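Student: Provided herewith is a single structure, encoded as structure tokens, for subsequent inquiry.
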Amino acid sequence: MLDAFSRAVVSADASTQCVTDLDALKEFVAQGNRRLDAVNAIASNASCMVSDAIAGMICENQGLIQAGGNCYPNRRMAACLRDGEIVLRYVSYALLAGDASVLDDRCLNGLKETYAALGVPATSTARAVQIMKAQAAAHIKDQPSEALAGARLRKMGSPETADRCASIVAEASSYFDRVISALS
Amino acid sequence: MKSVVTTVVTAADAAGRFPSSSDLQSVQGSIQRAAARMEAAEKLAGNIDAVAKEAYDACIAANPYLNDAGQANSTDTFKSKCHRDIKHYMRLIQYCLVVGGTGPLDEWGIAGSREVYRALNLPTPPYVAALSFARNRGCTPRDLSPQALTEYNALLDYAINSLS
């Protein structure tokens, strides 16, 4: 498993050079608190994000919870919720490390083949991950949709930055995209 | 590669939980010291040739027997290899400064070094002499800020301890 720093070291070692491009790492250090807040935003809202993502996926495709659907009966629905949480957990690890290696090695490696063998529909899985991607962006920006959340609106209330942590949002989105492309 | 972040993630993953606030605190602690480490890493990267040359010269001066026929520093080829080895250690220390842990030294410098040095019949005290010279050469604030020098010296001490 690598993080942003050891990734730089491993690529420098390939050419037996010192790590010379330290600017990106200095930026990582300077934005460290944003990253930690972002990971905290995901971890603190995880169960809500997962259940909403799975519920959203099912609302768009009711066949999943009818007899023969992949979220029927409860046992398979529970497995679906568990998998949603696992994906989100590995994305949070990747975001904390600043590198996708933990997500690739421990979550995505062989996931597509496993799902194909179990008959899990890739399009529905990708849709649930897409919903989590949008939720993660909203929580990291601390701008959850008031129209959609209604009475359940929940804000982290962490200090706001001018650009609403745009670079961290983009990075988190890239990890969700990585999951989607690994599944399809 | 062992670092604070990978240690934290490994522990969280083994327990199957999201990063907790104590995990985030650990990472925060590492990030706080990262600025000093980056300073030391940048300085070392820019001057690694001079640092390695000085340390190499000092270790040969302290162990002149190495120049005798049949010894480890007797031919030009051996001399360049000795110099390369010292530079190798300095480069690994630079990696450790970047990573914020001893992972690079452990994995690429220390693991198996005993066997290699024994097989090649190389003495370790000259390596210790070279690294000790580098350890005592750094001066604050001429070379580095106090915190950066502390981080750099701690890693040199770690390498010295592994060899002695």
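Labels for the structure tokens follow display order: chains A, B, ..., residues from 1 in each chain, ligands from 1.
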Within 9 Å of Ala134 (chain B), counting only C-alpha atoms, which residues show up once you throw out same-chain ones fewer than 3 positions away? Write them as a ChimeraX atom specification, please.
Tutor: /B:51-52,54-55,129-131,137-138,153,156
Student: Could you list the residues in chain B lying within 7 Å of chain A, using only C-alpha atoms, and format the result as a list of chain:residue names?
Tutor: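 Applying the cut-off to the listed atoms yields B:Met1, B:Val5, B:Thr6, B:Val9, B:Phe18, B:Pro19, B:Leu24, B:Ile31, B:Ala34, B:Ala45, B:Arg91, B:Gln94, B:Tyr95, B:Val98, B:Val99.
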Student: Residues of region 21-100 of chain A in alpha helix (DSSP H) according to DSSP, as number ranges by chain?
Tutor: A: 23-30, 32-44, 46-60, 74-97
